[in-house]
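Novice: Got a structure for you, written out below as structure tokens; questions coming shortly.
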Amino acid sequence: MITLLMLGDSLVEWGDWQRFLPGVTVVNRGLAGEMTSELAARLHDEMADCPAPDAVLVQSGTNNLLFGDLYFPFIFETMLSRLRLTYPHQPIIICSLAPMPIVPAADLAQVNQGLARAAAGVANGHFLDLVGPFTERCLPITHPGFLDDQVHLSSRGYQVWADAISRSLATLFPDRRHG
């Protein structure tokens, strides 16, 4: 069994991870409405509450992007160095933001490039790109990945995200059961 600490906003908080990631113990530390700077502010407490996960996943920035902040990936650099100090050997997975219909594609590409750079800048950092899986598996009419607000994930969106997480965990922990 893999223990995964998930940090982020409402997309993390509202996920039914027991359903979508069977075989993974998810420590859900998502907080609806949160900006990346607020996650950085509570990071110490979250790490203290979960001293020994097998891996850490961070998905943050949705709310920043919705308010036009394209520079929040720089906050990740500080968070990642703090995570690395507390968790010296655990993989740290940084999720891209999914292609929300409400967000201009160029803005999404810019922030996801910044998140990929942040993940590459930390030892054992991994970037999980969700744009490809969402583009391939979520169709606006027949298989929507988002609810009507065009921000929050539908069951289909959560399944696509969970499948991407499962593939990542299978690569990182080939000898461990993870779903």
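Each chain in the structure tokens gets a letter, A, B and so on, in the order shown; residues start at 1 in every chain, and ligands are counted from 1 in the order they appear.
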Can you list, as JSON, numbers by chain, every residue of region 53-140 of chain A that DSSP puts in strand (DSSP E or B)?

Specialist: {"A": [55, 56, 57, 58, 59, 92, 93, 94, 95, 125, 126, 127, 128, 139]}

Novice: Print the selection's residues with N, CA and C atoms to a file, as a PDB file, in the first residue's frame.

Specialist:
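Output file selection-v6.pdb follows:
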```pdb
ATOM      1  N   ALA A  55       4.978   9.259  -1.007  1.00  0.00           N
ATOM      2  CA  ALA A  55       5.117  10.253  -2.072  1.00  0.00           C
ATOM      3  C   ALA A  55       4.234  11.451  -1.725  1.00  0.00           C
ATOM      4  N   VAL A  56       4.549  12.570  -2.347  1.00  0.00           N
ATOM      5  CA  VAL A  56       3.785  13.810  -2.157  1.00  0.00           C
ATOM      6  C   VAL A  56       3.321  14.278  -3.526  1.00  0.00           C
ATOM      7  N   LEU A  57       2.067  14.661  -3.622  1.00  0.00           N
ATOM      8  CA  LEU A  57       1.522  15.223  -4.855  1.00  0.00           C
ATOM      9  C   LEU A  57       0.995  16.621  -4.540  1.00  0.00           C
ATOM     10  N   VAL A  58       1.372  17.584  -5.379  1.00  0.00           N
ATOM     11  CA  VAL A  58       0.913  18.955  -5.196  1.00  0.00           C
ATOM     12  C   VAL A  58       0.155  19.377  -6.447  1.00  0.00           C
ATOM     13  N   GLN A  59      -1.060  19.848  -6.258  1.00  0.00           N
ATOM     14  CA  GLN A  59      -1.877  20.408  -7.332  1.00  0.00           C
ATOM     15  C   GLN A  59      -2.407  21.722  -6.800  1.00  0.00           C
ATOM     16  N   ILE A  92       8.283  13.728  -5.291  1.00  0.00           N
ATOM     17  CA  ILE A  92       7.352  14.852  -5.222  1.00  0.00           C
ATOM     18  C   ILE A  92       6.779  15.029  -6.624  1.00  0.00           C
ATOM     19  N   ILE A  93       5.483  14.850  -6.722  1.00  0.00           N
ATOM     20  CA  ILE A  93       4.784  14.938  -8.000  1.00  0.00           C
ATOM     21  C   ILE A  93       4.075  16.279  -8.069  1.00  0.00           C
ATOM     22  N   ILE A  94       4.394  17.046  -9.096  1.00  0.00           N
ATOM     23  CA  ILE A  94       3.718  18.321  -9.341  1.00  0.00           C
ATOM     24  C   ILE A  94       2.758  18.111 -10.507  1.00  0.00           C
ATOM     25  N   CYS A  95       1.484  18.331 -10.261  1.00  0.00           N
ATOM     26  CA  CYS A  95       0.481  18.183 -11.316  1.00  0.00           C
ATOM     27  C   CYS A  95       0.352  19.480 -12.104  1.00  0.00           C
ATOM     28  N   GLY A 125      11.894  15.197  -8.296  1.00  0.00           N
ATOM     29  CA  GLY A 125      10.665  15.898  -8.639  1.00  0.00           C
ATOM     30  C   GLY A 125      10.124  15.358  -9.957  1.00  0.00           C
ATOM     31  N   HIS A 126       8.819  15.244 -10.035  1.00  0.00           N
ATOM     32  CA  HIS A 126       8.182  14.675 -11.220  1.00  0.00           C
ATOM     33  C   HIS A 126       7.014  15.560 -11.636  1.00  0.00           C
ATOM     34  N   PHE A 127       6.942  15.855 -12.909  1.00  0.00           N
ATOM     35  CA  PHE A 127       5.853  16.671 -13.445  1.00  0.00           C
ATOM     36  C   PHE A 127       4.822  15.744 -14.056  1.00  0.00           C
ATOM     37  N   LEU A 128       3.582  15.869 -13.629  1.00  0.00           N
ATOM     38  CA  LEU A 128       2.489  15.060 -14.156  1.00  0.00           C
ATOM     39  C   LEU A 128       1.624  15.950 -15.034  1.00  0.00           C
ATOM     40  N   LEU A 139     -14.324  14.721 -23.693  1.00  0.00           N
ATOM     41  CA  LEU A 139     -14.939  15.428 -24.811  1.00  0.00           C
ATOM     42  C   LEU A 139     -16.056  16.301 -24.257  1.00  0.00           C
TER      43      LEU A 139
END
```

Novice: With a cut-off of 12 Å, could you pull out the residues of region 80-117 of chain A touching region 32-48 of chain A and give me the nearest pair of atoms for each, distance in Å to one decimal, using only C-alpha atoms, ordered by chain and ascending number, as JSON lines?

Specialist:
```
{"residue": "A:Leu80", "atom": "CA", "partner": "A:Ala40", "partner_atom": "CA", "distance": 9.6}
{"residue": "A:Ser81", "atom": "CA", "partner": "A:Ala40", "partner_atom": "CA", "distance": 11.2}
{"residue": "A:Arg82", "atom": "CA", "partner": "A:His44", "partner_atom": "CA", "distance": 8.3}
{"residue": "A:Leu83", "atom": "CA", "partner": "A:Met47", "partner_atom": "CA", "distance": 7.8}
{"residue": "A:Arg84", "atom": "CA", "partner": "A:Met47", "partner_atom": "CA", "distance": 10.8}
{"residue": "A:Leu85", "atom": "CA", "partner": "A:Met47", "partner_atom": "CA", "distance": 10.5}
{"residue": "A:Thr86", "atom": "CA", "partner": "A:Met47", "partner_atom": "CA", "distance": 7.3}
{"residue": "A:Tyr87", "atom": "CA", "partner": "A:Met47", "partner_atom": "CA", "distance": 8.7}
{"residue": "A:Leu115", "atom": "CA", "partner": "A:Thr36", "partner_atom": "CA", "distance": 11.9}
```

Novice: Quick one: residues within 12 Å of Arg156 (chain A), only C-alpha atoms counted, chain neighbours fewer than 4 positions away excluded, as a list in words?

Specialist: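 What passes the distance filter is Gly15, Asp16, Phe20, Pro133, Phe134, Arg137, Cys138, Leu139, Pro140, Thr142, His143, Pro144, Gly145, Phe146, Leu147, His152, Val160, Trp161, Ala162 and Asp163 of chain A.
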
Novice: Quick one: residues within 10 Å of Pro53 (chain A), only C-alpha atoms counted, chain neighbours fewer than 5 positions away excluded, as a PDB file with N, CA and C atoms, in the first residue's frame?

Specialist:
```pdb
ATOM      1  N   ILE A   2       0.573   2.180  -0.830  1.00  0.00           N
ATOM      2  CA  ILE A   2       1.307   3.438  -0.943  1.00  0.00           C
ATOM      3  C   ILE A   2       0.537   4.518  -0.204  1.00  0.00           C
ATOM      4  N   THR A   3       1.226   5.318   0.590  1.00  0.00           N
ATOM      5  CA  THR A   3       0.622   6.480   1.232  1.00  0.00           C
ATOM      6  C   THR A   3       1.025   7.711   0.434  1.00  0.00           C
ATOM      7  N   LEU A   4       0.020   8.426  -0.054  1.00  0.00           N
ATOM      8  CA  LEU A   4       0.219   9.606  -0.893  1.00  0.00           C
ATOM      9  C   LEU A   4      -0.341  10.825  -0.187  1.00  0.00           C
ATOM     10  N   LEU A   5       0.525  11.775   0.132  1.00  0.00           N
ATOM     11  CA  LEU A   5       0.089  13.063   0.666  1.00  0.00           C
ATOM     12  C   LEU A   5      -0.284  13.949  -0.507  1.00  0.00           C
ATOM     13  N   MET A   6      -1.548  14.366  -0.566  1.00  0.00           N
ATOM     14  CA  MET A   6      -2.021  15.235  -1.650  1.00  0.00           C
ATOM     15  C   MET A   6      -2.308  16.617  -1.083  1.00  0.00           C
ATOM     16  N   THR A  25      -3.386   4.833   0.003  1.00  0.00           N
ATOM     17  CA  THR A  25      -3.877   5.585   1.146  1.00  0.00           C
ATOM     18  C   THR A  25      -3.596   7.057   0.871  1.00  0.00           C
ATOM     19  N   VAL A  26      -4.648   7.813   0.645  1.00  0.00           N
ATOM     20  CA  VAL A  26      -4.503   9.233   0.330  1.00  0.00           C
ATOM     21  C   VAL A  26      -4.716  10.053   1.600  1.00  0.00           C
ATOM     22  N   VAL A  27      -3.740  10.873   1.910  1.00  0.00           N
ATOM     23  CA  VAL A  27      -3.869  11.857   2.972  1.00  0.00           C
ATOM     24  C   VAL A  27      -4.267  13.149   2.254  1.00  0.00           C
ATOM     25  N   MET A  47       2.980  19.151   6.705  1.00  0.00           N
ATOM     26  CA  MET A  47       4.079  18.197   6.762  1.00  0.00           C
ATOM     27  C   MET A  47       4.192  17.596   8.162  1.00  0.00           C
ATOM     28  N   TYR A  87      10.998  15.763   3.432  1.00  0.00           N
ATOM     29  CA  TYR A  87      10.878  14.438   2.811  1.00  0.00           C
ATOM     30  C   TYR A  87      12.057  14.238   1.860  1.00  0.00           C
ATOM     31  N   GLN A  90      11.396  10.966  -0.691  1.00  0.00           N
ATOM     32  CA  GLN A  90      10.112  10.700  -1.320  1.00  0.00           C
ATOM     33  C   GLN A  90       9.998  11.437  -2.661  1.00  0.00           C
ATOM     34  N   PRO A  91       9.386  10.787  -3.643  1.00  0.00           N
ATOM     35  CA  PRO A  91       9.082  11.493  -4.886  1.00  0.00           C
ATOM     36  C   PRO A  91       8.083  12.620  -4.618  1.00  0.00           C
TER      37      PRO A  91
END
```

Novice: Using DSSP on the backbone coordinates, identify the residues of region 25-132 of chain A assigned to helix (DSSP H, G or I); present them as a PyMOL selection string.

Specialist: chain A and resi 36-49+62-66+73-86+105-120+131-132

Novice: Take the residues just selected and output them with C-alpha atoms as a PDB file, in the first residue's frame.

Specialist:
```pdb
ATOM      1  CA  THR A  36      -0.862  28.836  -3.886  1.00  0.00           C
ATOM      2  CA  SER A  37       0.528  31.360  -1.391  1.00  0.00           C
ATOM      3  CA  GLU A  38      -1.976  30.093   1.194  1.00  0.00           C
ATOM      4  CA  LEU A  39      -0.845  26.517   0.615  1.00  0.00           C
ATOM      5  CA  ALA A  40       2.749  27.662   1.117  1.00  0.00           C
ATOM      6  CA  ALA A  41       1.716  29.317   4.396  1.00  0.00           C
ATOM      7  CA  ARG A  42       0.175  26.109   5.788  1.00  0.00           C
ATOM      8  CA  LEU A  43       2.799  23.748   4.383  1.00  0.00           C
ATOM      9  CA  HIS A  44       4.711  23.347   7.647  1.00  0.00           C
ATOM     10  CA  ASP A  45       1.604  22.200   9.530  1.00  0.00           C
ATOM     11  CA  GLU A  46       0.635  19.782   6.752  1.00  0.00           C
ATOM     12  CA  MET A  47       4.079  18.197   6.762  1.00  0.00           C
ATOM     13  CA  ALA A  48       3.996  17.884  10.549  1.00  0.00           C
ATOM     14  CA  ASP A  49       0.640  16.091  10.328  1.00  0.00           C
ATOM     15  CA  THR A  62      -6.307  26.821 -10.135  1.00  0.00           C
ATOM     16  CA  ASN A  63      -7.601  29.798  -8.186  1.00  0.00           C
ATOM     17  CA  ASN A  64      -4.508  31.865  -8.977  1.00  0.00           C
ATOM     18  CA  LEU A  65      -5.028  31.275 -12.675  1.00  0.00           C
ATOM     19  CA  LEU A  66      -8.728  32.129 -12.464  1.00  0.00           C
ATOM     20  CA  PRO A  73       4.670  28.758 -10.230  1.00  0.00           C
ATOM     21  CA  PHE A  74       7.532  30.710  -8.636  1.00  0.00           C
ATOM     22  CA  ILE A  75       5.977  29.988  -5.222  1.00  0.00           C
ATOM     23  CA  PHE A  76       6.406  26.292  -5.985  1.00  0.00           C
ATOM     24  CA  GLU A  77      10.193  26.638  -5.914  1.00  0.00           C
ATOM     25  CA  THR A  78      10.102  27.620  -2.241  1.00  0.00           C
ATOM     26  CA  MET A  79       7.494  24.984  -1.398  1.00  0.00           C
ATOM     27  CA  LEU A  80       9.460  22.273  -3.164  1.00  0.00           C
ATOM     28  CA  SER A  81      12.674  23.040  -1.317  1.00  0.00           C
ATOM     29  CA  ARG A  82      10.746  22.925   1.983  1.00  0.00           C
ATOM     30  CA  LEU A  83       9.117  19.634   0.984  1.00  0.00           C
ATOM     31  CA  ARG A  84      12.511  18.202   0.007  1.00  0.00           C
ATOM     32  CA  LEU A  85      14.011  19.099   3.397  1.00  0.00           C
ATOM     33  CA  THR A  86      11.182  17.340   5.236  1.00  0.00           C
ATOM     34  CA  ALA A 105      -4.886  28.008 -23.659  1.00  0.00           C
ATOM     35  CA  ALA A 106      -1.860  30.333 -23.788  1.00  0.00           C
ATOM     36  CA  ASP A 107      -2.203  31.180 -20.092  1.00  0.00           C
ATOM     37  CA  LEU A 108      -2.529  27.513 -19.202  1.00  0.00           C
ATOM     38  CA  ALA A 109       0.538  26.640 -21.265  1.00  0.00           C
ATOM     39  CA  GLN A 110       2.570  29.390 -19.575  1.00  0.00           C
ATOM     40  CA  VAL A 111       1.783  28.284 -16.027  1.00  0.00           C
ATOM     41  CA  ASN A 112       2.221  24.604 -16.832  1.00  0.00           C
ATOM     42  CA  GLN A 113       5.664  25.324 -18.282  1.00  0.00           C
ATOM     43  CA  GLY A 114       6.525  27.098 -15.026  1.00  0.00           C
ATOM     44  CA  LEU A 115       5.262  24.146 -12.988  1.00  0.00           C
ATOM     45  CA  ALA A 116       7.301  21.727 -15.123  1.00  0.00           C
ATOM     46  CA  ARG A 117      10.435  23.842 -14.536  1.00  0.00           C
ATOM     47  CA  ALA A 118       9.774  23.875 -10.792  1.00  0.00           C
ATOM     48  CA  ALA A 119       9.394  20.074 -10.728  1.00  0.00           C
ATOM     49  CA  ALA A 120      12.607  19.646 -12.737  1.00  0.00           C
ATOM     50  CA  VAL A 131      -3.327  18.307 -20.533  1.00  0.00           C
ATOM     51  CA  GLY A 132      -2.753  15.285 -22.766  1.00  0.00           C
TER      52      GLY A 132
END
```

Novice: Work out how far apart CA of Pro99 (chain A) and CA of Asn28 (chain A) are and give it in Å to one decimal.

Specialist: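 About the pair CA of Pro99 (chain A) and CA of Asn28 (chain A): they are 22.5 Å apart.
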
Novice: So which one's closest to Val151 (chain A), A:Ala123, A:Phe67, A:Leu11, A:Ala170? Using only C-alpha atoms, please.

Specialist: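 For Val151 (chain A), the nearest of the given residues is A:Leu11.
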
Novice: Can you tell me how far CA of Gly157 (chain A) sits from CA of Asn124 (chain A), in Å to one decimal?

Specialist: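 Interatomic distance, CA of Gly157 (chain A) to CA of Asn124 (chain A): 26.7 Å.
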
Novice: How far is it from CA of Leu21 (chain A) to CA of Ser166 (chain A), in Å with one decimal?

Specialist: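 Between CA of Leu21 (chain A) and CA of Ser166 (chain A) the gap works out to 7.2 Å.
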